[in-house]
>>> print(open('data.txt').read())   # compact mmCIF, C-alpha atoms
# COMPACT_ATOMS: atom_id res chain seq x y z
CA MET A 793 0.79 -42.05 78.95
CA ALA A 794 2.68 -38.82 79.27
CA SER A 795 5.62 -38.15 76.97
CA SER A 796 9.18 -37.89 78.20
CA VAL A 797 9.77 -34.65 80.07
CA LEU A 798 12.52 -33.51 82.36
CA THR A 799 11.43 -33.43 85.99
CA PRO A 800 13.02 -30.41 87.75
CA SER A 801 12.09 -31.63 91.23
CA ILE A 802 14.23 -34.75 90.74
CA THR A 803 17.83 -33.74 90.27
CA PHE A 804 20.31 -35.77 88.27
CA THR A 805 22.24 -36.39 91.49
CA ASP A 806 19.07 -37.84 93.05
CA LEU A 807 18.76 -40.17 90.07
CA LEU A 808 22.39 -41.29 90.37
CA ARG A 809 22.00 -42.06 94.06
CA ALA A 810 18.78 -44.00 93.56
CA PHE A 811 20.07 -46.18 90.73
CA THR A 812 23.40 -46.78 92.44
CA LEU A 813 21.42 -48.23 95.34
CA ILE A 814 19.22 -50.27 92.98
CA GLY A 815 22.27 -51.57 91.10
CA LEU A 816 23.89 -52.76 94.32
CA LEU A 817 20.72 -54.43 95.64
CA SER A 818 19.28 -55.90 92.42
CA PHE A 819 19.45 -59.57 93.36
CA GLY A 820 16.79 -62.18 92.67
CA GLY A 821 16.46 -62.13 88.89
CA PRO A 822 14.08 -59.89 86.91
CA ALA A 823 11.11 -60.43 89.23
CA GLY A 824 13.08 -59.29 92.27
CA GLN A 825 14.72 -56.43 90.37
CA ILE A 826 11.43 -55.11 89.03
CA ALA A 827 9.89 -55.37 92.51
CA LEU A 828 12.85 -53.43 93.94
CA MET A 829 12.46 -50.62 91.38
CA HIS A 830 8.72 -50.51 92.00
CA ARG A 831 9.26 -50.15 95.73
CA GLU A 832 12.01 -47.54 95.45
CA LEU A 833 10.69 -45.43 92.56
CA VAL A 834 6.91 -45.84 92.63
CA GLU A 835 5.97 -46.49 96.25
CA GLU A 836 8.63 -44.66 98.27
CA ARG A 837 10.03 -41.88 96.06
CA LYS A 838 6.88 -41.51 93.88
CA TRP A 839 8.96 -40.58 90.85
CA VAL A 840 6.87 -42.69 88.46
CA ALA A 841 3.11 -43.29 88.51
CA GLU A 842 1.88 -46.86 88.92
CA GLU A 843 0.12 -46.83 85.54
CA ASP A 844 3.20 -45.49 83.75
CA PHE A 845 5.44 -48.07 85.43
CA LEU A 846 3.25 -51.00 84.34
CA HIS A 847 2.79 -49.59 80.84
CA ALA A 848 6.56 -49.27 80.44
CA LEU A 849 7.11 -52.77 81.83
CA ASN A 850 4.76 -54.21 79.21
CA PHE A 851 6.65 -52.25 76.58
CA CYS A 852 9.99 -53.67 77.77
CA HIS A 853 8.55 -57.18 77.54
CA LEU A 854 8.16 -56.56 73.81
CA LEU A 855 11.90 -56.07 73.41
CA PRO A 856 14.78 -58.54 73.25
CA GLY A 857 17.19 -58.39 76.18
CA PRO A 858 16.86 -58.02 79.95
CA GLU A 859 13.55 -56.32 80.65
CA ALA A 860 14.54 -55.09 84.13
CA GLN A 861 17.60 -53.24 82.82
CA GLN A 862 15.55 -51.78 79.98
CA LEU A 863 12.88 -50.66 82.44
CA ALA A 864 15.57 -48.91 84.49
CA THR A 865 16.84 -47.22 81.31
CA TRP A 866 13.32 -46.10 80.40
CA ILE A 867 12.72 -44.62 83.87
CA GLY A 868 16.01 -42.72 83.67
CA TRP A 869 15.06 -41.47 80.18
CA ARG A 870 11.64 -40.42 81.43
CA LEU A 871 13.13 -38.42 84.30
CA HIS A 872 16.22 -36.85 82.70
CA GLY A 873 16.24 -37.58 78.99
CA TRP A 874 18.99 -39.54 77.30
CA ARG A 875 21.63 -38.89 79.98
CA GLY A 876 19.24 -40.11 82.67
CA GLY A 877 18.52 -43.26 80.66
CA LEU A 878 22.22 -43.88 80.08
CA ALA A 879 23.07 -43.37 83.76
CA ALA A 880 20.23 -45.54 85.05
CA GLY A 881 20.91 -48.34 82.58
CA LEU A 882 24.64 -48.40 83.28
CA LEU A 883 24.28 -48.22 87.06
CA PHE A 884 21.88 -51.17 86.90
CA VAL A 885 24.56 -53.27 85.17
CA ILE A 886 27.97 -52.10 86.41
CA PRO A 887 28.00 -53.50 89.98
CA GLY A 888 27.06 -57.00 88.85
CA ALA A 889 29.40 -56.84 85.86
CA LEU A 890 32.37 -56.01 88.08
CA VAL A 891 31.55 -58.85 90.47
CA ILE A 892 31.06 -61.37 87.63
CA LEU A 893 34.37 -60.25 86.10
CA ALA A 894 36.22 -60.84 89.38
CA LEU A 895 34.58 -64.24 89.85
CA SER A 896 35.33 -65.22 86.23
CA MET A 897 39.00 -64.37 86.75
CA LEU A 898 39.09 -66.48 89.91
CA TYR A 899 37.28 -69.34 88.18
CA ALA A 900 39.67 -69.38 85.21
CA ILE A 901 42.66 -69.70 87.56
CA ALA A 902 41.22 -72.06 90.18
CA ALA A 903 38.81 -74.24 88.18
CA ASN A 904 41.04 -77.32 88.44
CA LEU A 905 41.46 -77.20 92.22
CA ALA A 906 39.69 -80.02 94.08
CA TRP A 907 37.80 -77.77 96.50
CA VAL A 908 36.59 -75.51 93.65
CA GLU A 909 35.34 -78.52 91.69
CA ALA A 910 33.56 -79.74 94.82
CA LEU A 911 31.97 -76.35 95.41
CA PHE A 912 30.71 -76.11 91.84
CA LEU A 913 29.26 -79.60 91.97
CA GLY A 914 26.85 -78.17 94.55
CA VAL A 915 26.33 -75.04 92.46
CA LYS A 916 25.31 -77.13 89.43
CA ALA A 917 22.83 -79.14 91.51
CA ALA A 918 21.31 -75.95 92.92
CA VAL A 919 21.08 -74.36 89.48
CA LEU A 920 19.18 -77.42 88.22
CA ALA A 921 16.54 -76.93 90.94
CA ILE A 922 16.40 -73.18 90.26
CA VAL A 923 15.87 -73.72 86.52
CA VAL A 924 13.08 -76.23 87.20
CA GLN A 925 11.44 -73.62 89.44
CA ALA A 926 11.76 -70.97 86.73
CA LEU A 927 10.22 -73.36 84.20
CA LEU A 928 7.18 -74.04 86.39
CA ARG A 929 6.67 -70.37 87.30
CA ILE A 930 6.85 -69.14 83.71
CA ALA A 931 4.69 -72.00 82.43
CA GLY A 932 2.01 -71.25 85.02
CA ARG A 933 1.93 -67.60 84.03
CA ALA A 934 2.37 -67.86 80.25
CA LEU A 935 0.47 -70.98 79.13
CA ASP A 936 -3.12 -69.87 79.68
CA THR A 937 -4.54 -71.05 76.32
CA GLY A 938 -4.38 -74.23 74.28
CA LEU A 939 -2.49 -72.55 71.46
CA LYS A 940 0.18 -71.28 73.84
CA ARG A 941 0.64 -74.77 75.28
CA ALA A 942 0.96 -76.17 71.76
CA LEU A 943 3.61 -73.57 70.90
CA ALA A 944 5.57 -74.48 74.04
CA VAL A 945 5.51 -78.19 73.19
CA ALA A 946 6.48 -77.49 69.58
CA ALA A 947 9.42 -75.34 70.70
CA PHE A 948 10.69 -78.07 73.05
CA VAL A 949 10.39 -80.79 70.42
CA GLY A 950 12.02 -78.60 67.77
CA LEU A 951 15.02 -77.83 69.98
CA PHE A 952 15.52 -81.04 71.94
CA LEU A 953 14.71 -83.63 69.29
CA PHE A 954 15.29 -81.88 65.96
CA ASP A 955 18.07 -79.43 66.90
CA LEU A 956 16.35 -76.53 65.15
CA PRO A 957 18.14 -73.14 65.39
CA PHE A 958 17.01 -71.08 68.36
CA PRO A 959 16.50 -67.88 66.30
CA LEU A 960 14.17 -69.83 64.00
CA ILE A 961 12.06 -70.89 66.99
CA VAL A 962 11.79 -67.30 68.24
CA LEU A 963 11.07 -65.69 64.88
CA GLY A 964 8.69 -68.45 63.79
CA SER A 965 6.69 -68.17 67.00
CA GLY A 966 6.50 -64.41 66.62
CA VAL A 967 5.18 -64.66 63.06
CA ILE A 968 2.54 -67.20 64.13
CA GLY A 969 1.49 -64.99 67.03
CA MET A 970 1.13 -61.89 64.85
CA ALA A 971 -0.94 -63.81 62.29
CA VAL A 972 -3.21 -65.31 64.94
CA ALA A 973 -3.65 -61.97 66.73
CA ALA A 974 -4.98 -60.40 63.53
CA LYS A 975 -7.79 -62.98 63.20
CA ARG A 976 -8.34 -64.69 66.56
CA PRO A 977 -6.72 -62.69 69.39
CA ASP A 978 -8.70 -64.75 71.91
CA LEU A 979 -6.52 -67.78 71.11
CA LEU A 980 -3.64 -65.85 72.70
CA ALA A 981 -5.77 -64.36 75.50
CA LEU A 982 -5.59 -60.91 73.88
CA LYS A 983 -8.25 -58.27 73.71
CA PRO A 984 -8.90 -56.51 70.39
CA GLY A 985 -7.30 -53.07 70.23
CA GLU A 986 -9.44 -50.08 70.99
CA VAL A 987 -10.21 -47.71 68.15
CA GLY A 988 -10.65 -43.99 68.11
CA GLU A 989 -7.89 -43.22 70.62
CA VAL A 990 -5.87 -40.06 70.11
CA LEU A 991 -2.25 -41.10 69.72
CA PRO A 992 0.88 -38.91 69.92
CA ASP A 993 2.78 -37.74 66.85
CA ARG A 994 5.19 -40.16 65.25
CA PRO A 995 8.71 -39.27 66.53
CA TRP A 996 10.58 -40.40 63.42
CA ARG A 997 13.52 -37.99 63.77
CA THR A 998 14.34 -39.08 67.34
CA THR A 999 14.10 -42.74 66.39
CA ILE A 1000 16.31 -42.45 63.31
CA LEU A 1001 18.99 -40.49 65.18
CA SER A 1002 18.95 -42.99 68.06
CA ILE A 1003 19.29 -45.96 65.71
CA ALA A 1004 22.20 -44.30 63.89
CA LEU A 1005 24.04 -43.33 67.08
CA TRP A 1006 23.56 -46.55 69.02
CA GLY A 1007 24.05 -48.70 65.96
CA ALA A 1008 27.47 -47.06 65.59
CA VAL A 1009 28.20 -47.58 69.31
CA TRP A 1010 27.17 -51.24 69.03
CA GLY A 1011 29.30 -51.89 65.95
CA ALA A 1012 32.40 -49.80 66.83
CA PRO A 1013 34.37 -52.54 68.67
CA MET A 1014 33.58 -55.06 65.93
CA LEU A 1015 34.97 -52.69 63.31
CA LEU A 1016 38.11 -52.20 65.40
CA ILE A 1017 38.57 -55.97 65.79
CA ALA A 1018 38.07 -56.55 62.06
CA LEU A 1019 40.70 -53.92 61.20
CA THR A 1020 43.32 -55.02 63.78
CA LEU A 1021 42.85 -58.74 64.53
CA GLY A 1022 40.75 -59.99 61.63
CA GLN A 1023 37.54 -61.97 61.44
CA ASP A 1024 39.22 -65.29 62.31
CA HIS A 1025 40.12 -64.12 65.83
CA VAL A 1026 38.24 -65.36 68.88
CA LEU A 1027 37.20 -61.81 69.80
CA TRP A 1028 35.40 -61.46 66.47
CA ASP A 1029 33.58 -64.74 67.11
CA ILE A 1030 32.63 -63.58 70.61
CA GLY A 1031 31.33 -60.21 69.41
CA ALA A 1032 29.41 -61.65 66.46
CA PHE A 1033 27.82 -64.45 68.49
CA PHE A 1034 26.68 -62.29 71.41
CA SER A 1035 25.46 -59.54 69.06
CA GLN A 1036 23.23 -62.14 67.43
CA LEU A 1037 22.12 -63.34 70.85
CA ALA A 1038 21.19 -59.78 71.86
CA ILE A 1039 18.67 -59.62 69.02
CA VAL A 1040 16.85 -62.88 69.82
CA THR A 1041 17.00 -62.88 73.64
CA PHE A 1042 13.25 -62.85 74.29
CA GLY A 1043 12.07 -64.27 77.59
CA GLY A 1044 15.18 -63.60 79.67
CA ALA A 1045 18.49 -65.37 80.14
CA TYR A 1046 16.98 -68.79 80.79
CA ALA A 1047 15.46 -68.78 77.32
CA VAL A 1048 18.81 -68.56 75.50
CA LEU A 1049 20.98 -70.41 77.99
CA ALA A 1050 20.66 -73.84 76.39
CA TYR A 1051 21.36 -72.41 72.94
CA MET A 1052 24.31 -70.41 74.27
CA ALA A 1053 25.67 -73.41 76.17
CA GLN A 1054 25.43 -75.72 73.18
CA GLU A 1055 27.14 -73.23 70.88
CA ALA A 1056 29.84 -72.36 73.44
CA VAL A 1057 30.57 -76.04 74.18
CA GLN A 1058 29.87 -77.89 70.94
CA GLY A 1059 30.06 -75.15 68.31
CA PHE A 1060 33.01 -72.99 69.38
CA GLY A 1061 34.65 -75.19 72.04
CA TRP A 1062 34.96 -72.25 74.44
CA LEU A 1063 33.63 -74.07 77.52
CA ARG A 1064 33.57 -77.62 78.82
CA PRO A 1065 30.24 -79.36 79.56
CA GLY A 1066 28.90 -78.24 82.91
CA GLU A 1067 30.78 -74.95 83.01
CA MET A 1068 27.71 -73.05 81.83
CA ALA A 1069 25.92 -74.18 84.99
CA ASP A 1070 28.87 -72.85 86.99
CA GLY A 1071 28.53 -69.49 85.25
CA LEU A 1072 24.81 -69.34 85.86
CA GLY A 1073 25.41 -70.12 89.53
CA LEU A 1074 27.77 -67.15 89.72
CA ALA A 1075 25.26 -64.88 87.96
CA GLU A 1076 22.46 -66.03 90.29
CA THR A 1077 24.40 -64.87 93.35
CA THR A 1078 25.40 -61.42 92.09
CA PRO A 1079 23.40 -58.21 91.52
CA GLY A 1080 22.35 -57.18 88.04
CA PRO A 1081 20.69 -58.94 85.10
CA LEU A 1082 21.07 -62.71 84.87
CA ILE A 1083 22.20 -62.28 81.26
CA LEU A 1084 25.56 -61.19 82.72
CA VAL A 1085 26.37 -64.91 82.55
CA THR A 1086 27.41 -64.08 78.98
CA GLN A 1087 30.37 -62.16 80.43
CA PHE A 1088 31.57 -65.36 82.11
CA VAL A 1089 31.49 -67.13 78.75
CA GLY A 1090 33.27 -64.28 76.97
CA TYR A 1091 36.02 -64.14 79.57
CA LEU A 1092 36.77 -67.88 79.44
CA ALA A 1093 36.59 -67.99 75.64
CA ALA A 1094 39.22 -65.27 75.24
CA PHE A 1095 41.29 -66.45 78.24
CA ARG A 1096 41.72 -69.87 76.64
CA ALA A 1097 42.68 -68.53 73.19
CA PRO A 1098 44.58 -65.37 74.12
CA GLU A 1099 47.00 -64.78 71.24
CA PRO A 1100 48.42 -62.18 70.67
CA PHE A 1101 47.57 -61.06 74.23
CA SER A 1102 48.30 -62.59 77.60
CA PRO A 1103 45.46 -64.75 78.98
CA PHE A 1104 44.60 -62.09 81.57
CA VAL A 1105 44.40 -59.25 79.02
CA ALA A 1106 42.51 -61.41 76.52
CA GLY A 1107 40.02 -62.40 79.21
CA LEU A 1108 39.39 -58.75 80.10
CA LEU A 1109 38.88 -57.89 76.43
CA GLY A 1110 36.53 -60.84 75.95
CA ALA A 1111 34.47 -59.94 79.02
CA GLY A 1112 34.32 -56.26 78.09
CA LEU A 1113 33.35 -56.98 74.49
CA THR A 1114 30.63 -59.41 75.56
CA THR A 1115 29.12 -56.91 77.97
CA TRP A 1116 29.32 -54.16 75.34
CA VAL A 1117 27.49 -56.04 72.58
CA THR A 1118 24.96 -57.45 75.06
CA PHE A 1119 23.84 -54.12 76.51
CA ALA A 1120 24.47 -51.54 73.76
CA PRO A 1121 21.42 -52.92 71.88
CA CYS A 1122 19.31 -52.40 75.02
CA PHE A 1123 20.02 -48.67 74.91
CA LEU A 1124 19.27 -48.67 71.18
CA TRP A 1125 15.84 -50.28 71.72
CA ILE A 1126 14.88 -47.89 74.53
CA PHE A 1127 16.11 -44.62 73.05
CA ALA A 1128 14.73 -45.44 69.60
CA LEU A 1129 11.38 -46.91 70.64
CA ALA A 1130 10.47 -45.31 73.98
CA PRO A 1131 8.89 -42.28 72.25
CA TRP A 1132 6.55 -44.77 70.52
CA ILE A 1133 5.42 -46.42 73.74
CA ASP A 1134 1.79 -45.25 73.52
CA ARG A 1135 1.42 -46.46 69.96
CA LEU A 1136 3.08 -49.82 70.71
CA GLY A 1137 0.72 -50.31 73.64
CA ASN A 1138 -2.18 -50.42 71.14
CA ALA A 1139 -0.49 -52.74 68.60
CA VAL A 1140 -2.48 -55.96 68.92
CA ARG A 1141 -0.38 -57.84 66.34
CA LEU A 1142 2.81 -56.94 68.15
CA LYS A 1143 1.31 -58.11 71.44
CA GLY A 1144 0.31 -61.35 69.70
CA GLY A 1145 3.86 -61.92 68.51
CA LEU A 1146 5.16 -61.35 72.03
CA ALA A 1147 2.57 -63.68 73.58
CA ALA A 1148 3.51 -66.45 71.15
CA VAL A 1149 7.24 -65.94 71.74
CA THR A 1150 6.68 -66.02 75.51
CA ALA A 1151 4.80 -69.32 75.14
CA ALA A 1152 7.58 -70.79 72.99
CA VAL A 1153 10.12 -69.67 75.57
CA VAL A 1154 8.54 -72.13 78.02
CA GLY A 1155 9.52 -74.90 75.64
CA VAL A 1156 12.97 -73.39 75.28
CA ILE A 1157 13.43 -73.40 79.07
CA ALA A 1158 12.18 -76.99 79.20
CA ASN A 1159 14.93 -77.84 76.70
CA LEU A 1160 17.44 -76.06 78.92
CA THR A 1161 16.19 -78.01 81.95
CA ALA A 1162 16.56 -81.36 80.21
CA TRP A 1163 20.01 -80.42 78.88
CA PHE A 1164 21.19 -79.29 82.32
CA ALA A 1165 19.82 -82.38 84.04
CA LEU A 1166 21.68 -84.70 81.69
CA HIS A 1167 25.00 -82.88 82.02
CA VAL A 1168 24.76 -82.38 85.78
CA LEU A 1169 23.74 -85.93 86.64
CA PHE A 1170 25.87 -87.82 84.09
CA ALA A 1171 29.58 -87.42 83.36
CA GLU A 1172 29.23 -88.85 79.85
CA VAL A 1173 26.42 -87.74 77.53
CA GLY A 1174 26.58 -88.79 73.92
CA GLN A 1175 24.39 -88.01 70.92
CA ARG A 1176 22.76 -90.29 68.40
CA GLN A 1177 21.35 -89.19 65.08
CA SER A 1178 18.37 -91.00 63.56
CA GLY A 1179 17.31 -89.21 60.40
CA PRO A 1180 16.26 -85.70 61.42
CA LEU A 1181 16.09 -86.73 65.09
CA ARG A 1182 18.94 -85.86 67.46
CA LEU A 1183 18.87 -87.91 70.67
CA TYR A 1184 20.97 -87.40 73.80
CA TRP A 1185 22.23 -90.69 75.21
CA PRO A 1186 23.68 -90.59 78.74
CA ASP A 1187 25.98 -93.40 79.87
CA PRO A 1188 24.21 -94.98 82.89
CA ALA A 1189 27.57 -96.00 84.36
CA SER A 1190 28.60 -92.32 84.52
CA PHE A 1191 25.72 -91.31 86.81
CA ASP A 1192 27.05 -89.05 89.59
CA TRP A 1193 25.17 -90.05 92.75
CA ARG A 1194 26.57 -87.04 94.61
CA ALA A 1195 25.04 -84.65 92.07
CA GLY A 1196 21.77 -86.59 92.34
CA VAL A 1197 21.70 -86.28 96.13
CA LEU A 1198 22.54 -82.57 96.03
CA ALA A 1199 19.94 -81.89 93.33
CA ALA A 1200 17.27 -83.67 95.40
CA ILE A 1201 18.21 -81.62 98.47
CA ALA A 1202 18.18 -78.39 96.43
CA CYS A 1203 14.71 -79.22 95.08
CA ALA A 1204 13.48 -79.85 98.62
CA LEU A 1205 14.86 -76.49 99.74
CA VAL A 1206 13.39 -74.64 96.74
CA PHE A 1207 9.95 -76.23 96.57
CA GLY A 1208 9.45 -77.50 100.10
CA LEU A 1209 11.04 -74.90 102.34
CA LYS A 1210 10.77 -72.01 99.83
CA TRP A 1211 14.36 -70.93 100.44
CA SER A 1212 15.79 -68.02 98.48
CA VAL A 1213 18.13 -68.60 95.55
CA LEU A 1214 21.15 -67.35 97.50
CA ARG A 1215 20.49 -69.64 100.50
CA VAL A 1216 19.98 -72.67 98.26
CA LEU A 1217 23.21 -71.98 96.38
CA MET A 1218 25.16 -71.58 99.62
CA ALA A 1219 23.72 -74.78 101.13
CA ALA A 1220 24.30 -76.83 97.99
CA SER A 1221 27.85 -75.49 97.60
CA LEU A 1222 28.68 -76.46 101.18
CA GLY A 1223 27.09 -79.85 100.56
CA GLY A 1224 29.25 -80.34 97.49
CA ILE A 1225 32.43 -79.65 99.44
CA VAL A 1226 31.37 -82.07 102.18
CA LEU A 1227 30.41 -84.90 99.82
CA VAL A 1228 33.49 -84.64 97.61
CA LEU A 1229 36.22 -83.91 100.14
CA ALA A 1230 34.90 -85.75 103.18
CA ILE A 1231 33.71 -88.99 101.54
>>> encode(input="data.txt", output="C-alpha cells")
Amino acid sequence: MASSVLTPSITFTDLLRAFTLIGLLSFGGPAGQIALMHRELVEERKWVAEEDFLHALNFCHLLPGPEAQQLATWIGWRLHGWRGGLAAGLLFVIPGALVILALSMLYAIAANLAWVEALFLGVKAAVLAIVVQALLRIAGRALDTGLKRALAVAAFVGLFLFDLPFPLIVLGSGVIGMAVAAKRPDLLALKPGEVGEVLPDRPWRTTILSIALWGAVWGAPMLLIALTLGQDHVLWDIGAFFSQLAIVTFGGAYAVLAYMAQEAVQGFGWLRPGEMADGLGLAETTPGPLILVTQFVGYLAAFRAPEPFSPFVAGLLGAGLTTWVTFAPCFLWIFALAPWIDRLGNAVRLKGGLAAVTAAVVGVIANLTAWFALHVLFAEVGQRQSGPLRLYWPDPASFDWRAGVLAAIACALVFGLKWSVLRVLMAASLGGIVLVLAI
C-alpha cells in the first residue's frame, strides 16, 4: 500500500468536481455509495487502484461511523492531503444534510396535518420492510461461523430481553473477538497474520497532531454550550449523546437506530414513538450517509425545547450541533489513523474485534426490527418487568390494520419485485394517503 502522496495530475478543482457529483448522487445507503465511488474513482477516472480502494474500505470498516463517508475522506486525503480529505468528506455529507434539514423543518411544522400523518404511515411500513431486508443481507454476509451466530443471538437477547446498554454490547463483543482472534482466528473466519513483512515507519507525530486538532474541533461547540447555556440545556444533552453515539457506531446507522430511538423517546423524551421511523424514511430518500437521521432527531429535540431561542433558531442549532459531533470524529479517525493503514491491515486481533462486533450488530439490527415492528403495527406498546427481563407487551386492540397491509405490500415490493428503496417508499407513502384519507 503506497503512502499518502499528492497527485499533481489530479488538480484540487478536479477533486471538488468529482466529490460534488458523488455527494449529489450518493443514494442507496453505504453499499450504493461505495459502488458509486468505485465506479467514478476507480473504474472511470482511475484515480485510485483497485487494491488500494479495497484495502482502505477494509480499514474504514474498522472504524466507528459511516464507512462510505470515511472512505471518501481517505480518498481525498490520499490525493491531496488533509485539505483533499476535508473537502471530499464534507462534500459527501453536505448535500444530504441540507436536504434532511429542510425536510426536518417541514416535518416539525406539518407533523400534525392529516395528510402528513397518512403519508408517514406508509413511510413507516416501507421502512419496516427495508430494515428486514438489511437484517437478512447483513446476516447472510456476516454470520459465516458458529461463534458469529452465537454472538448475534447473544446481542439480540441482551438488548431486547435484558435491556443491556448498547455500548456494552459493542465493547464486549470487540473484546471477545480480539481474545478469540489471538488463539483461534478460524472461529471468526480469519487467517493468521503474515510475518516478516516490511512495514512503514510509525507516524506518531502526524497522529498526535491530528488527534489534538480534531479533538479540539469536536469539543469546541460543547465548551461553548457549557460556558453560555450550561450543562442542563437541551443542546448539551444533544451534543453529549451524539458524541457518545459517534464512538460506538459500528455497523452503520441501522446498528444504533434502536438504541438511539429508545433513548430519544424513553430516555430524553425528544421524539414520540414512531417518529424515528419517519426520520429514517427521510434519510433513506436523500443523498449522503444514512446516519444523517441523527440530524432529524437533533432538530426536533431542540425545536421542542427552544428556550432561550425561538423554535426555528433552536432547531437549526440542534441540527447543526448533531451533524458537527457526528462527523467531526470521522475526520479525526481518518487523519489520525490513515497513515497507519498498512500496519492495521496486518493486525489480526483488531480484525477479530471487528468481526465479532459485526456479528453482534446483526443481533442489534434484529432488535431494531422487532422494536420497529411493534411500534409500527400497534398504537399501544407497553413494557413489563420480570426480574432482569424486560418484555414489550403490545395491546392487541391497538393493531393498525392499515400499517399491516402497507407493510405486507412493501415486503412484496422489496423481496418479490426487487424494487429500489426510493420506489418502495414512494409507493408505500401513496398507499398510506389512499388508505387513511380515502377510507
>>> axis_aligned_box(input="data.txt", around="segment 1060-1066 of chain A", padding_each_side="6 Å", output="lines of an AutoDock Vina configuration file")
center_x = 31.9
center_y = -75.8
center_z = 76.1
size_x = 18.1
size_y = 19.1
size_z = 25.5
>>> residues_near_point(input="data.txt", point="(12.2, -57.1, 90.9)", cutoff="12 Å", atoms="all atoms listed in the file", output="list in words")
Ile814, Gly815, Leu817, Ser818, Phe819, Gly820, Gly821, Pro822, Ala823, Gly824, Gln825, Ile826, Ala827, Leu828, Met829, His830, Arg831, Glu832, Leu833, Leu849, Pro858, Glu859, Ala860, Gln861, Leu863, Ala864, Pro1079, Gly1080 and Pro1081 of chain A
>>> write_last_selection(input="data.txt", atoms="C-alpha atoms", output="short mmCIF file (atom, residue, chain, number, x, y, z; two decimals), keeping the file's coordinate frame")
data_model
loop_
_atom_site.label_atom_id
_atom_site.label_comp_id
_atom_site.auth_asym_id
_atom_site.auth_seq_id
_atom_site.Cartn_x
_atom_site.Cartn_y
_atom_site.Cartn_z
CA ILE A 814 19.22 -50.27 92.98
CA GLY A 815 22.27 -51.57 91.10
CA LEU A 817 20.72 -54.43 95.64
CA SER A 818 19.28 -55.90 92.42
CA PHE A 819 19.45 -59.57 93.36
CA GLY A 820 16.79 -62.18 92.67
CA GLY A 821 16.46 -62.13 88.89
CA PRO A 822 14.08 -59.89 86.91
CA ALA A 823 11.11 -60.43 89.23
CA GLY A 824 13.08 -59.29 92.27
CA GLN A 825 14.72 -56.43 90.37
CA ILE A 826 11.43 -55.11 89.03
CA ALA A 827 9.89 -55.37 92.51
CA LEU A 828 12.85 -53.43 93.94
CA MET A 829 12.46 -50.62 91.38
CA HIS A 830 8.72 -50.51 92.00
CA ARG A 831 9.26 -50.15 95.73
CA GLU A 832 12.01 -47.54 95.45
CA LEU A 833 10.69 -45.43 92.56
CA LEU A 849 7.11 -52.77 81.83
CA PRO A 858 16.86 -58.02 79.95
CA GLU A 859 13.55 -56.32 80.65
CA ALA A 860 14.54 -55.09 84.13
CA GLN A 861 17.60 -53.24 82.82
CA LEU A 863 12.88 -50.66 82.44
CA ALA A 864 15.57 -48.91 84.49
CA PRO A 1079 23.40 -58.21 91.52
CA GLY A 1080 22.35 -57.18 88.04
CA PRO A 1081 20.69 -58.94 85.10
#
>>> residues_around(input="data.txt", residues="segment 1028-1040 of chain A", least_positions_apart="2", cutoff="9 Å", atoms="only C-alpha atoms", output="MDAnalysis selection string")
chainID A and resid 855:857 958:959 962:963 1010 1013:1014 1017:1018 1021:1026 1042 1048 1052 1060 1086 1089:1090 1093:1094 1110 1113:1119 1121:1122
>>> atom_distance(input="data.txt", atom1="atom CA of Leu1229 of chain A", atom2="atom CA of Leu1198 of chain A")
14.3 Å
>>> closest_atom_pairs(input="data.txt", of="segment 808-918 of chain A", to="segment 1164-1171 of chain A", cutoff="9 Å", atoms="only C-alpha atoms", output="JSON lines")
{"residue": "A:Leu913", "atom": "CA", "partner": "A:Val1168", "partner_atom": "CA", "distance": 8.1}
{"residue": "A:Lys916", "atom": "CA", "partner": "A:Val1168", "partner_atom": "CA", "distance": 6.4}
{"residue": "A:Ala917", "atom": "CA", "partner": "A:Val1168", "partner_atom": "CA", "distance": 6.9}
>>> write_last_selection(input="data.txt", atoms="C-alpha atoms", output="short mmCIF file (atom, residue, chain, number, x, y, z; two decimals), keeping the file's coordinate frame")
data_model
loop_
_atom_site.label_atom_id
_atom_site.label_comp_id
_atom_site.auth_asym_id
_atom_site.auth_seq_id
_atom_site.Cartn_x
_atom_site.Cartn_y
_atom_site.Cartn_z
CA LEU A 913 29.26 -79.60 91.97
CA LYS A 916 25.31 -77.13 89.43
CA ALA A 917 22.83 -79.14 91.51
#
>>> closest_residue(input="data.txt", among="A:Ala1056, A:Leu1124, A:Leu951, A:Ile922", to="Arg1215 of chain A", atoms="only C-alpha atoms")
A:Ile922
>>> residues_around(input="data.txt", residues="segment 1140-1149 of chain A", least_positions_apart="4", cutoff="10 Å", atoms="all atoms listed in the file", output="number ranges by chain")
A: 850-851, 853-855, 934-935, 939-941, 943-944, 947, 961-986, 1042-1043, 1136, 1153-1154
>>> residues_around(input="data.txt", residues="Val1206 of chain A", least_positions_apart="5", cutoff="12 Å", atoms="all atoms listed in the file", output="list in words")
Ala917, Ala918, Val919, Leu920, Ala921, Ile922, Val923, Val924, Gln925, Ala926, Ala1199, Ala1200, Ile1201, Trp1211, Ser1212, Val1213, Leu1214, Arg1215, Val1216, Leu1217, Ala1219 and Ala1220 of chain A
>>> closest_atom_pairs(input="data.txt", of="segment 1094-1167 of chain A", to="segment 878-894 of chain A", cutoff="8 Å", atoms="all atoms listed in the file", output="Markdown table")
| residue | atom | partner | partner_atom | distance |
| --- | --- | --- | --- | --- |
| A:Leu1108 | CA | A:Leu893 | CA | 8.0 |
| A:Ala1111 | CA | A:Leu893 | CA | 7.1 |
| A:Thr1115 | CA | A:Ala889 | CA | 7.9 |
| A:Phe1123 | CA | A:Leu878 | CA | 7.4 |
>>> atom_distance(input="data.txt", atom1="atom CA of Gln1058 of chain A", atom2="atom CA of Phe1095 of chain A")
17.7 Å
